[in-house]
>>> print(open('start_26.cif').read())   # mmCIF, C-alpha atoms (C1' of nucleotides)
data_protein
#
loop_
_atom_site.label_atom_id
_atom_site.label_comp_id
_atom_site.auth_asym_id
_atom_site.auth_seq_id
_atom_site.Cartn_x
_atom_site.Cartn_y
_atom_site.Cartn_z
CA MET G 1 -46.66 -35.58 120.89
CA SER G 2 -47.47 -38.79 122.64
CA LEU G 3 -45.69 -40.06 125.67
CA SER G 4 -43.71 -43.21 125.23
CA LYS G 5 -43.98 -43.99 128.90
CA ARG G 6 -46.18 -43.05 131.78
CA LYS G 7 -44.53 -40.56 134.05
CA ASN G 8 -46.56 -41.35 137.11
CA ALA G 9 -49.83 -42.75 138.21
CA THR G 10 -51.61 -39.41 138.32
CA GLN G 11 -50.54 -38.29 134.93
CA PRO G 12 -53.43 -37.67 132.59
CA LYS G 13 -53.34 -40.17 129.77
CA SER G 14 -55.33 -38.29 127.17
CA LYS G 15 -53.73 -35.81 124.86
CA LYS G 16 -55.46 -33.11 126.76
CA PRO G 17 -53.60 -33.19 130.03
CA ILE G 18 -56.25 -31.95 132.41
CA THR G 19 -59.80 -33.17 132.32
CA LYS G 20 -62.18 -30.28 132.09
CA VAL G 21 -65.25 -30.43 134.26
CA ALA G 22 -67.52 -27.68 133.07
CA SER G 23 -68.95 -25.57 135.86
CA SER G 24 -67.98 -28.13 138.41
CA GLN G 25 -68.07 -25.50 141.10
CA GLY G 26 -71.06 -25.64 143.36
CA THR G 27 -71.94 -29.16 142.44
CA ALA G 28 -69.14 -31.61 142.70
CA PRO G 29 -67.99 -33.51 139.62
CA ALA G 30 -69.12 -37.08 139.49
CA SER G 31 -65.74 -38.34 140.59
CA ILE G 32 -66.08 -36.32 143.77
CA ARG G 33 -69.81 -36.61 144.34
CA SER G 34 -69.60 -40.36 144.20
CA ASN G 35 -67.33 -40.78 147.16
CA ALA G 36 -67.81 -40.01 150.81
CA HIS G 37 -64.42 -38.51 151.51
CA LEU G 38 -65.70 -35.10 152.49
CA LEU G 39 -67.28 -34.24 155.79
CA ASN G 40 -68.72 -31.11 154.15
CA GLU G 41 -70.34 -30.21 150.85
CA TYR G 42 -68.04 -29.57 147.91
CA PRO G 43 -67.46 -25.78 147.81
CA SER G 44 -69.75 -23.44 145.87
CA ALA G 45 -68.83 -21.02 143.10
CA ASP G 46 -69.02 -18.18 145.61
CA TRP G 47 -66.66 -20.03 147.92
CA PHE G 48 -64.07 -20.35 145.14
CA LYS G 49 -64.39 -16.67 144.23
CA LYS G 50 -63.81 -15.48 147.79
CA PHE G 51 -60.98 -17.93 148.34
CA ARG G 52 -59.03 -16.76 145.28
CA LYS G 53 -59.37 -13.11 146.17
CA ALA G 54 -58.38 -13.57 149.82
CA ILE G 55 -55.35 -15.77 149.25
CA LEU G 56 -53.98 -13.67 146.38
CA LYS G 57 -54.29 -10.52 148.47
CA TRP G 58 -52.56 -12.24 151.36
CA TYR G 59 -49.76 -13.46 149.09
CA GLU G 60 -49.08 -9.98 147.73
CA SER G 61 -47.87 -8.74 151.09
CA ASN G 62 -46.75 -11.97 152.73
CA GLN G 63 -44.66 -13.81 150.17
CA ARG G 64 -41.08 -14.58 151.06
CA ARG G 65 -38.38 -13.19 148.85
CA LEU G 66 -36.72 -16.17 147.23
CA PRO G 67 -33.93 -16.21 144.62
CA TRP G 68 -36.03 -17.96 141.97
CA ARG G 69 -38.76 -15.36 142.39
CA ASP G 70 -36.57 -12.42 141.37
CA ASP G 71 -36.34 -13.50 137.75
CA PRO G 72 -38.84 -16.31 137.10
CA ILE G 73 -37.57 -17.48 133.73
CA PRO G 74 -38.34 -21.14 132.90
CA TYR G 75 -34.77 -22.31 133.55
CA LYS G 76 -34.67 -20.90 137.08
CA VAL G 77 -38.18 -21.99 137.94
CA TRP G 78 -37.46 -25.47 136.62
CA LEU G 79 -34.21 -25.73 138.58
CA SER G 80 -35.89 -24.52 141.75
CA GLU G 81 -38.72 -27.00 141.38
CA ILE G 82 -36.35 -29.93 140.94
CA MET G 83 -34.25 -28.87 143.93
CA LEU G 84 -37.38 -28.36 146.03
CA GLN G 85 -38.66 -31.90 145.48
CA GLN G 86 -38.86 -33.35 149.01
CA THR G 87 -36.43 -30.67 150.15
CA GLN G 88 -37.15 -27.64 152.30
CA VAL G 89 -36.89 -24.10 150.95
CA ALA G 90 -34.26 -23.07 153.49
CA THR G 91 -32.02 -25.93 152.40
CA VAL G 92 -32.35 -25.16 148.72
CA VAL G 93 -31.58 -21.42 148.63
CA ASP G 94 -27.78 -21.64 148.79
CA TYR G 95 -27.61 -24.59 146.42
CA PHE G 96 -29.78 -22.72 143.94
CA ASN G 97 -27.59 -19.62 143.99
CA ARG G 98 -24.38 -21.60 143.59
CA PHE G 99 -25.88 -23.68 140.81
CA ILE G 100 -27.12 -20.68 138.80
CA ASN G 101 -23.76 -19.04 139.27
CA LYS G 102 -21.97 -22.12 137.95
CA PHE G 103 -24.44 -22.84 135.14
CA PRO G 104 -26.06 -19.53 134.15
CA THR G 105 -27.96 -21.03 131.21
CA ILE G 106 -29.50 -24.34 130.22
CA ILE G 107 -26.91 -24.72 127.48
CA GLU G 108 -24.05 -24.36 129.91
CA LEU G 109 -25.70 -26.96 132.13
CA ALA G 110 -26.20 -29.30 129.18
CA ASN G 111 -22.57 -28.96 128.12
CA ALA G 112 -21.18 -29.59 131.58
CA ASP G 113 -19.78 -32.90 132.83
CA GLU G 114 -22.18 -34.96 134.92
CA GLN G 115 -19.49 -35.11 137.61
CA THR G 116 -19.48 -31.33 137.84
CA VAL G 117 -23.27 -31.25 138.08
CA LEU G 118 -23.18 -33.87 140.83
CA SER G 119 -20.54 -31.87 142.68
CA MET G 120 -22.84 -28.87 142.71
CA TRP G 121 -25.57 -31.15 144.07
CA GLU G 122 -23.39 -32.72 146.77
CA GLY G 123 -25.22 -32.82 150.09
CA LEU G 124 -28.66 -32.08 148.67
CA GLY G 125 -29.66 -35.74 148.41
CA TYR G 126 -31.77 -37.64 145.88
CA TYR G 127 -28.92 -37.51 143.39
CA ARG G 128 -31.05 -38.97 140.63
CA ARG G 129 -32.55 -35.49 140.45
CA ALA G 130 -29.18 -34.07 139.42
CA ARG G 131 -28.60 -36.75 136.79
CA ASN G 132 -32.12 -36.29 135.43
CA LEU G 133 -31.67 -32.52 135.42
CA HIS G 134 -28.50 -32.84 133.40
CA ALA G 135 -30.11 -35.26 130.94
CA ALA G 136 -33.12 -32.97 130.64
CA ALA G 137 -30.90 -29.99 129.86
CA GLN G 138 -29.34 -32.01 127.06
CA LYS G 139 -32.78 -32.90 125.79
CA VAL G 140 -33.73 -29.22 125.74
CA ARG G 141 -30.51 -28.48 123.87
CA ASP G 142 -30.88 -31.32 121.36
CA ASP G 143 -34.65 -31.75 120.92
CA PHE G 144 -36.07 -28.33 121.72
CA GLY G 145 -33.52 -26.07 120.06
CA GLY G 146 -32.10 -24.90 123.36
CA ILE G 147 -35.39 -23.29 124.38
CA PHE G 148 -37.20 -24.63 127.42
CA PRO G 149 -40.55 -25.91 126.08
CA ASP G 150 -43.78 -24.16 126.97
CA ASP G 151 -46.33 -26.90 126.43
CA PHE G 152 -47.37 -29.28 129.17
CA GLU G 153 -46.65 -32.53 127.34
CA SER G 154 -43.14 -31.50 126.33
CA VAL G 155 -42.25 -30.33 129.82
CA LEU G 156 -43.69 -33.53 131.24
CA SER G 157 -41.48 -35.52 128.88
CA LEU G 158 -38.34 -34.18 130.53
CA PRO G 159 -36.73 -36.67 132.92
CA GLY G 160 -37.38 -35.78 136.54
CA VAL G 161 -40.49 -33.76 135.76
CA GLY G 162 -43.84 -35.20 136.82
CA ARG G 163 -47.31 -33.72 136.86
CA TYR G 164 -46.63 -31.46 139.83
CA SER G 165 -43.38 -30.01 138.48
CA ALA G 166 -44.71 -29.48 134.96
CA GLY G 167 -47.71 -27.59 136.30
CA ALA G 168 -45.59 -25.58 138.70
CA ILE G 169 -43.02 -24.58 136.09
CA LEU G 170 -45.53 -23.53 133.44
CA SER G 171 -47.81 -21.70 135.84
CA ILE G 172 -45.03 -19.87 137.65
CA ALA G 173 -42.89 -19.07 134.61
CA GLY G 174 -45.71 -18.57 132.10
CA ASP G 175 -48.93 -18.07 134.07
CA GLN G 176 -50.44 -21.10 132.39
CA LYS G 177 -53.60 -22.38 133.98
CA LEU G 178 -52.33 -25.68 135.35
CA PRO G 179 -52.95 -27.19 138.77
CA ILE G 180 -50.36 -28.29 141.30
CA LEU G 181 -50.50 -30.77 144.15
CA GLU G 182 -47.65 -31.42 146.55
CA GLY G 183 -46.84 -31.71 150.24
CA ASN G 184 -48.18 -28.33 151.30
CA THR G 185 -51.34 -28.47 149.24
CA TYR G 186 -52.22 -32.05 150.18
CA ARG G 187 -52.43 -30.78 153.74
CA LEU G 188 -54.03 -27.41 152.96
CA HIS G 189 -56.75 -28.94 150.79
CA ALA G 190 -57.41 -31.76 153.24
CA ARG G 191 -58.22 -29.10 155.82
CA LEU G 192 -60.14 -26.74 153.54
CA LEU G 193 -62.38 -29.63 152.52
CA ALA G 194 -62.33 -31.51 155.83
CA LEU G 195 -61.13 -34.55 153.97
CA HIS G 196 -62.00 -37.56 156.05
CA ASP G 197 -59.34 -39.78 154.55
CA ASP G 198 -55.63 -39.98 153.96
CA PRO G 199 -55.01 -37.36 151.24
CA ARG G 200 -52.29 -39.57 149.76
CA SER G 201 -54.70 -42.42 149.15
CA ARG G 202 -55.79 -43.23 145.63
CA GLY G 203 -59.29 -41.82 145.84
CA SER G 204 -58.24 -38.69 147.70
CA GLU G 205 -55.49 -38.00 145.25
CA SER G 206 -57.78 -37.76 142.25
CA LEU G 207 -60.26 -35.71 144.24
CA LEU G 208 -57.55 -33.27 145.27
CA TRP G 209 -56.19 -32.88 141.74
CA GLN G 210 -59.72 -32.03 140.66
CA PHE G 211 -60.02 -29.55 143.51
CA ALA G 212 -56.65 -28.01 142.63
CA GLU G 213 -57.93 -27.46 139.11
CA ASP G 214 -61.24 -26.00 140.24
CA LEU G 215 -59.34 -23.57 142.46
CA LEU G 216 -57.40 -21.95 139.63
CA PRO G 217 -58.26 -18.36 138.71
CA THR G 218 -58.40 -17.26 135.07
CA LYS G 219 -55.20 -15.26 135.41
CA LYS G 220 -52.23 -14.94 137.78
CA CYS G 221 -52.10 -18.71 138.09
CA GLY G 222 -48.41 -18.61 138.91
CA ALA G 223 -48.89 -16.32 141.86
CA PHE G 224 -51.96 -18.28 142.86
CA ASN G 225 -50.24 -21.66 142.90
CA GLN G 226 -47.35 -20.19 144.85
CA SER G 227 -49.78 -18.61 147.29
CA LEU G 228 -51.26 -22.05 148.02
CA MET G 229 -47.84 -23.46 148.83
CA GLU G 230 -46.79 -20.37 150.77
CA LEU G 231 -49.94 -20.56 152.87
CA GLY G 232 -49.44 -24.26 153.47
CA SER G 233 -45.85 -23.71 154.47
CA GLU G 234 -46.19 -20.61 156.63
CA ILE G 235 -49.74 -20.75 158.06
CA CYS G 236 -51.37 -24.10 157.44
CA LYS G 237 -48.46 -25.96 158.98
CA PRO G 238 -48.41 -29.67 159.83
CA LYS G 239 -48.43 -29.05 163.56
CA LYS G 240 -50.14 -26.16 165.32
CA PRO G 241 -51.51 -24.39 162.24
CA LEU G 242 -51.79 -20.61 162.69
CA CYS G 243 -55.51 -20.48 161.97
CA GLN G 244 -55.93 -17.09 163.66
CA CYS G 245 -53.60 -15.60 161.03
CA CYS G 246 -55.14 -17.43 158.08
CA PRO G 247 -56.59 -15.27 155.32
CA VAL G 248 -58.99 -18.03 154.26
CA ILE G 249 -60.15 -19.18 157.68
CA LYS G 250 -63.75 -18.65 156.59
CA ASN G 251 -63.19 -21.08 153.74
CA CYS G 252 -61.86 -23.80 155.99
CA ALA G 253 -64.19 -26.67 156.80
CA ALA G 254 -61.69 -28.18 159.21
CA ASN G 255 -61.55 -24.95 161.18
CA GLN G 256 -65.33 -24.76 161.33
CA LEU G 257 -65.37 -28.28 162.69
CA ASP G 258 -62.51 -27.40 165.06
CA MET G 259 -60.44 -30.16 163.47
CA ALA G 260 -57.63 -28.22 161.79
CA ASP G 261 -54.98 -29.77 164.00
CA LYS G 262 -56.53 -33.23 163.60
CA LEU G 263 -56.32 -33.21 159.81
CA PRO G 264 -55.06 -34.53 157.55
CA ILE G 265 -55.42 -38.15 158.54
CA LYS G 266 -51.86 -39.41 158.59
CA SER G 267 -51.07 -42.64 156.81
CA LYS G 268 -49.31 -45.45 158.58
CA ARG G 269 -45.60 -45.00 158.37
CA ARG G 270 -43.22 -47.79 157.52
CA LYS G 271 -40.87 -48.41 160.38
CA PHE G 272 -37.17 -47.97 160.10
CA VAL G 273 -34.74 -50.76 159.38
CA ARG G 274 -31.53 -50.70 161.33
CA ARG G 275 -28.33 -51.36 159.49
CA HIS G 276 -24.68 -51.59 160.42
CA ASP G 277 -22.07 -50.59 157.85
CA ALA G 278 -18.30 -50.32 157.90
CA LEU G 279 -16.23 -47.92 155.83
CA PHE G 280 -12.51 -48.18 155.13
CA PHE G 281 -10.37 -45.20 154.34
CA ILE G 282 -7.52 -47.03 152.63
CA GLU G 283 -4.36 -45.03 152.17
CA ASN G 284 -0.87 -45.62 150.88
CA ARG G 285 1.74 -42.92 150.41
CA GLY G 286 -0.76 -40.12 150.00
CA GLN G 287 -3.02 -42.11 147.67
CA VAL G 288 -6.57 -43.01 148.74
CA TRP G 289 -8.84 -45.76 147.44
CA VAL G 290 -12.13 -44.63 145.94
CA ARG G 291 -14.73 -45.96 143.55
CA GLN G 292 -17.65 -44.46 141.71
CA ARG G 293 -21.00 -45.87 142.81
CA LYS G 294 -22.84 -47.68 140.05
CA GLN G 295 -26.29 -47.25 138.63
CA GLY G 296 -28.84 -48.89 140.89
CA GLU G 297 -26.74 -48.38 143.98
CA TRP G 298 -27.28 -45.72 146.56
CA TRP G 299 -25.58 -42.45 145.63
CA ALA G 300 -25.22 -43.59 142.01
CA GLY G 301 -22.63 -41.48 140.21
CA LEU G 302 -21.03 -40.24 143.40
CA TRP G 303 -17.68 -41.43 144.68
CA ASP G 304 -17.19 -43.36 147.87
CA PHE G 305 -14.64 -45.19 149.98
CA ALA G 306 -14.77 -48.96 150.55
CA ARG G 307 -18.05 -49.63 152.30
CA PHE G 308 -19.58 -52.91 153.46
CA ASN G 309 -22.67 -54.05 155.24
CA VAL G 310 -21.47 -55.65 158.44
CA SER G 311 -24.49 -57.95 158.81
CA GLU G 312 -24.03 -59.42 155.35
CA VAL G 313 -20.36 -60.02 156.01
CA ALA G 314 -21.20 -61.65 159.32
CA GLU G 315 -23.53 -64.16 157.66
CA THR G 316 -20.78 -65.48 155.43
CA ALA G 317 -18.33 -65.98 158.26
CA GLU G 318 -20.08 -66.66 161.48
CA LYS G 319 -17.28 -68.20 163.40
CA SER G 320 -14.72 -65.45 163.59
CA PRO G 321 -15.03 -62.39 165.80
CA PRO G 322 -16.51 -59.27 164.12
CA ASN G 323 -13.24 -57.44 163.48
CA GLU G 324 -11.60 -60.47 161.97
CA ARG G 325 -14.59 -61.24 159.74
CA LEU G 326 -14.52 -57.74 158.36
CA GLN G 327 -10.80 -57.90 157.85
CA ASN G 328 -11.01 -61.22 156.02
CA HIS G 329 -13.82 -59.90 153.88
CA LEU G 330 -11.79 -56.84 153.06
CA GLU G 331 -8.80 -58.90 152.03
CA ALA G 332 -10.88 -61.28 149.91
CA GLU G 333 -12.99 -58.59 148.31
CA LEU G 334 -10.29 -56.10 147.49
CA GLY G 335 -7.30 -58.40 147.14
CA ILE G 336 -5.11 -56.63 149.60
CA GLN G 337 -2.87 -57.73 152.43
CA LEU G 338 -3.33 -55.71 155.57
CA LYS G 339 -0.17 -54.55 157.24
CA SER G 340 -1.95 -53.62 160.44
CA HIS G 341 -5.32 -53.87 162.11
CA PRO G 342 -7.87 -51.31 160.95
CA LYS G 343 -7.90 -48.28 163.18
CA ILE G 344 -11.31 -46.92 164.10
CA LEU G 345 -11.61 -43.24 163.26
CA MET G 346 -15.20 -42.40 164.03
CA THR G 347 -18.75 -43.69 163.98
CA ILE G 348 -21.38 -41.80 162.02
CA ASN G 349 -25.07 -42.36 162.56
CA HIS G 350 -27.19 -41.33 159.63
CA ALA G 351 -30.33 -42.28 157.73
CA VAL G 352 -31.07 -43.14 154.13
CA THR G 353 -34.83 -43.03 153.48
CA HIS G 354 -36.18 -45.70 155.83
CA HIS G 355 -32.82 -47.10 156.89
CA LYS G 356 -31.10 -46.08 160.09
CA ILE G 357 -27.44 -46.71 159.63
CA ARG G 358 -24.55 -46.97 162.01
CA LEU G 359 -21.37 -46.45 160.04
CA ASP G 360 -18.05 -47.40 161.61
CA CYS G 361 -15.18 -45.69 159.79
CA TYR G 362 -11.72 -47.27 159.81
CA TRP G 363 -8.34 -46.20 158.54
CA ILE G 364 -5.93 -48.73 157.07
CA LYS G 365 -2.68 -48.62 155.16
CA ALA G 366 -2.56 -50.93 152.18
CA LYS G 367 -0.83 -51.22 148.84
CA PHE G 368 -3.03 -50.84 145.80
CA PRO G 369 -3.16 -54.05 143.71
CA ASP G 370 -1.94 -53.91 140.14
CA ALA G 371 -5.42 -54.43 138.74
CA GLY G 372 -7.89 -52.37 140.71
CA LYS G 373 -10.54 -54.73 142.03
CA GLN G 374 -14.22 -53.84 142.28
CA GLY G 375 -13.72 -50.67 140.26
CA PHE G 376 -11.49 -49.02 142.79
CA LYS G 377 -8.85 -46.54 141.80
CA GLN G 378 -6.49 -44.43 143.83
CA VAL G 379 -6.41 -40.69 143.91
CA THR G 380 -4.55 -38.07 145.89
CA ARG G 381 -6.28 -36.25 148.70
CA ASN G 382 -6.19 -33.19 146.51
CA GLU G 383 -8.12 -34.95 143.75
CA LEU G 384 -10.50 -36.23 146.38
CA SER G 385 -11.69 -32.76 147.22
CA GLU G 386 -12.88 -32.32 143.63
CA LEU G 387 -14.95 -35.51 143.44
CA PRO G 388 -18.64 -35.58 144.35
CA LEU G 389 -18.91 -37.59 147.57
CA ASN G 390 -21.87 -38.61 149.66
CA VAL G 391 -22.31 -36.78 152.92
CA THR G 392 -20.82 -39.44 155.18
CA ALA G 393 -17.71 -39.78 153.03
CA ARG G 394 -17.31 -36.01 152.98
CA LYS G 395 -17.82 -35.82 156.72
CA LEU G 396 -15.15 -38.43 157.35
CA LEU G 397 -12.73 -36.75 154.96
CA SER G 398 -13.06 -33.37 156.59
CA MET G 399 -12.52 -34.96 159.97
CA ILE G 400 -9.33 -36.60 158.70
CA GLU G 401 -8.09 -33.41 157.07
CA LYS G 402 -8.70 -31.53 160.30
CA SER G 403 -6.83 -33.96 162.51
CA CYS G 404 -3.74 -34.18 160.31
"C1'" DA J 1 -50.27 -49.84 145.17
"C1'" DA J 2 -45.98 -49.97 147.20
"C1'" DA J 3 -41.08 -49.43 147.32
"C1'" DT J 4 -37.16 -46.64 146.45
"C1'" DC J 5 -34.27 -42.73 146.64
"C1'" DG J 6 -30.80 -38.47 151.04
"C1'" DG J 7 -30.41 -35.43 154.03
"C1'" DG J 8 -31.65 -31.87 157.14
"C1'" DG J 9 -34.64 -29.04 160.19
"C1'" DG J 10 -37.54 -28.62 163.98
"C1'" DA J 11 -40.23 -30.00 167.93
"C1'" DT Q 1 -37.03 -39.62 168.33
"C1'" DC Q 2 -40.29 -38.75 165.04
"C1'" DC Q 3 -42.32 -36.08 161.36
"C1'" DC Q 4 -42.05 -33.66 157.24
"C1'" DC Q 5 -40.21 -31.47 153.24
"C1'" DA Q 6 -42.89 -27.12 146.31
"C1'" DG Q 7 -42.12 -35.84 144.13
"C1'" DA Q 8 -40.58 -38.93 140.36
"C1'" DT Q 9 -39.76 -43.42 138.95
"C1'" DT Q 10 -39.73 -48.25 139.16
"C1'" DT Q 11 -41.77 -52.64 140.25
#
>>> encode(input="start_26.cif", output="C-alpha cells")
Amino acid sequence: MSLSKRKNATQPKSKKPITKVASSQGTAPASIRSNAHLLNEYPSADWFKKFRKAILKWYESNQRRLPWRDDPIPYKVWLSEIMLQQTQVATVVDYFNRFINKFPTIIELANADEQTVLSMWEGLGYYRRARNLHAAAQKVRDDFGGIFPDDFESVLSLPGVGRYSAGAILSIAGDQKLPILEGNTYRLHARLLALHDDPRSRGSESLLWQFAEDLLPTKKCGAFNQSLMELGSEICKPKKPLCQCCPVIKNCAANQLDMADKLPIKSKRRKFVRRHDALFFIENRGQVWVRQRKQGEWWAGLWDFARFNVSEVAETAEKSPPNERLQNHLEAELGIQLKSHPKILMTINHAVTHHKIRLDCYWIKAKFPDAGKQGFKQVTRNELSELPLNVTARKLLSMIEKSC
DNA sequence: AAATCGGGGGA
DNA sequence: TCCCCAGATTT
C-alpha cells in the first residue's frame, strides 16, 4: 500500500517505514556522526544493553495502573493514544473510561453519530481528534473488515494517526518493534545524550528518531516504549528531574555533566495574542439561539452561542461607544431587533492555543427571525444539554442554570 | 519550517 | 503567569 499523502514531515517515505542502520550501536550512523549535536559520544552497544535491562526492570515495579493497560487490545490502545495527544494522563483517564463504556467496540464507534462522539469528547480539546477518530473507525469498518490493522502503513493511513501514534499502538498492542518519539522522550533522550540543541529542531528530530530505534530491544517493545514515557513523565521531569531515583542515571550524559536541569534547550516560544470576544445568550420564551461551528472554525462540529470578536466589530464602527457598536453589529448580523440592552452575565478568561481571550457574556431577549440567519437555530434548554458545546459555552450555561 | 488546533494542571 | 502535556495536519 502506498500513501496518497504525507502524514507528517518525519514520516518515512519508503515502503519500509523505518530505515535500518545495521549495527549502528557503538558507532553512530552517518546521519548522527555528521552533526555536532551531541556533547558526548554516541552510546556504545554495551550502553544500550544496560539501559534496556535497567529501565525494563524499573518499569516492572513502577508502572502506574492505567485503564488502557488492563486490556491492551488495539482499539483501547489506539483510543488512549489519540486522547493522550498533547493531553495529560490524569485528564484522559475519566474520558477514556466513559468513552469505552459508551462505545465498547470499534464498530459501535463507527456506527455512532459524530455529534455523540463529540459529546463524549466535550472538554477534552483538540476536537479534530474526535472527528478523525470517528472517521478512522469507519475506515476500519469499511476498508479493513472491522479489524484494526496490524501493519504500520495501514495504521499510519488512519486519520489522526502519525508516526508516533502508529508506533505506539503497534508496539503496545502487538509488541512490534517500532520506535516512538513524543514529549516525554524528546526530553529524556535530550538528557541521555546531552543534546546540545533544541530537540524539536529539524536535525535533532531525525537524530532522536534514529536513537529511539536503536534503543529498542528485540522483544517486549511495548513495555519498553511505555517505560521510556513513564520514566520521562515520573522521573525525568521538565523541572527538577528526580535524578537520584533514576534507574538509568549511569546512562545519562546530562547527569554526568551536571546539566540535567539545564537540558533540553528550550525553543523560543511564540508570545500570546490578546483577544476580546463577546458572547450573546439569546433567549425567547424558553428557546435559545445556537449554531453549529463550521469546518475551519475553532471548535468545528461543536455548538455555540452567538460569538463575536469585539476588536473586529470596533474597526467597522469606530464612532459609537463599545456597547452600541456591539449591539448594532448584533442587529445587522443576526437580523434581530433588541427589546432591551444586553445584560452582562459574566466574563470568562480562557486561552485557545496562543490566544488569550477575554469573553464577555451577555443575556438578551429577542425574537427568532423567520429565516434563521448565519446558520442559527433555536432549541430548548433541555435540548441544549444534549449538544456538544465548547467549554466556555458550557460554563456559561451551567452558571445560568444555577442562578435560575 | 511554521502555524494551527483546547484545555487543564502545576509551580 | 508561564510551561508543558504519550502530536497531527495544513500551509
>>> interface_residues(input="start_26.cif", of="chain J", to="chain G", cutoff="6 Å", atoms="all atoms listed in the file", output="number ranges by chain")
J: 5-7
>>> interface_residues(input="start_26.cif", of="chain G", to="chain Q", cutoff="8 Å", atoms="all atoms listed in the file", output="list of chain:residue names")
G:Lys7, G:Asn8, G:Glu81, G:Leu84, G:Gln85, G:Gln86, G:Thr87, G:Gln88, G:Gly160, G:Val161, G:Gly162, G:Tyr164, G:Glu182, G:Gly183, G:Asn184, G:Met229, G:Pro238
>>> atom_distance(input="start_26.cif", atom1="CA of Asn225 (chain G)", atom2="CA of Glu60 (chain G)")
12.7 Å
>>> resolve_selection(input="start_26.cif", expression="the PyMOL selection byres ((chain G and resi 286) around 12)", output="list in words")
Phe281, Ile282, Glu283, Asn284, Arg285, Gln287, Val288, Trp289, Lys365, Ala366, Lys367, Phe368, Gln378, Val379, Thr380, Arg381, Asn382, Glu383 and Leu384 of chain G
>>> atom_distance(input="start_26.cif", atom1="CA of Ile172 (chain G)", atom2="CA of Gln226 (chain G)")
7.6 Å
>>> atom_distance(input="start_26.cif", atom1="CA of Leu302 (chain G)", atom2="CA of Pro369 (chain G)")
22.6 Å
>>> axis_aligned_box(input="start_26.cif", around="region 7-11 of chain Q", padding_each_side="8 Å", output="lines of an AutoDock Vina configuration file")
center_x = -40.9
center_y = -44.2
center_z = 141.5
size_x = 18.4
size_y = 32.8
size_z = 21.2
>>> closest_residue(input="start_26.cif", among="G:Thr392, G:Gln337, G:Ser80, G:Gln295", to="Asp360 (chain G)", atoms="all atoms listed in the file")
G:Thr392
>>> closest_residue(input="start_26.cif", among="G:Cys361, G:Cys246, G:Leu133, G:Ile265", to="Leu279 (chain G)", atoms="only C-alpha atoms")
G:Cys361
>>> resolve_selection(input="start_26.cif", expression="the PyMOL selection byres ((chain G and resi 200) around 12)", output="list in words")
Thr10, Leu181, Glu182, Gly183, Thr185, Tyr186, Arg187, His189, Ala190, Leu195, His196, Asp197, Asp198, Pro199, Ser201, Arg202, Gly203, Ser204, Glu205, Ser206, Leu207, Leu208, Trp209, Pro264, Ile265, Lys266, Ser267 and Lys268 of chain G; DA1 of chain J
>>> residues_around(input="start_26.cif", residues="Leu359 (chain G)", least_positions_apart="6", cutoff="7 Å", atoms="all atoms listed in the file", output="list in words")
His276, Asp277, Ala278, Leu279, Thr347, Ile348 and Asn349 of chain G
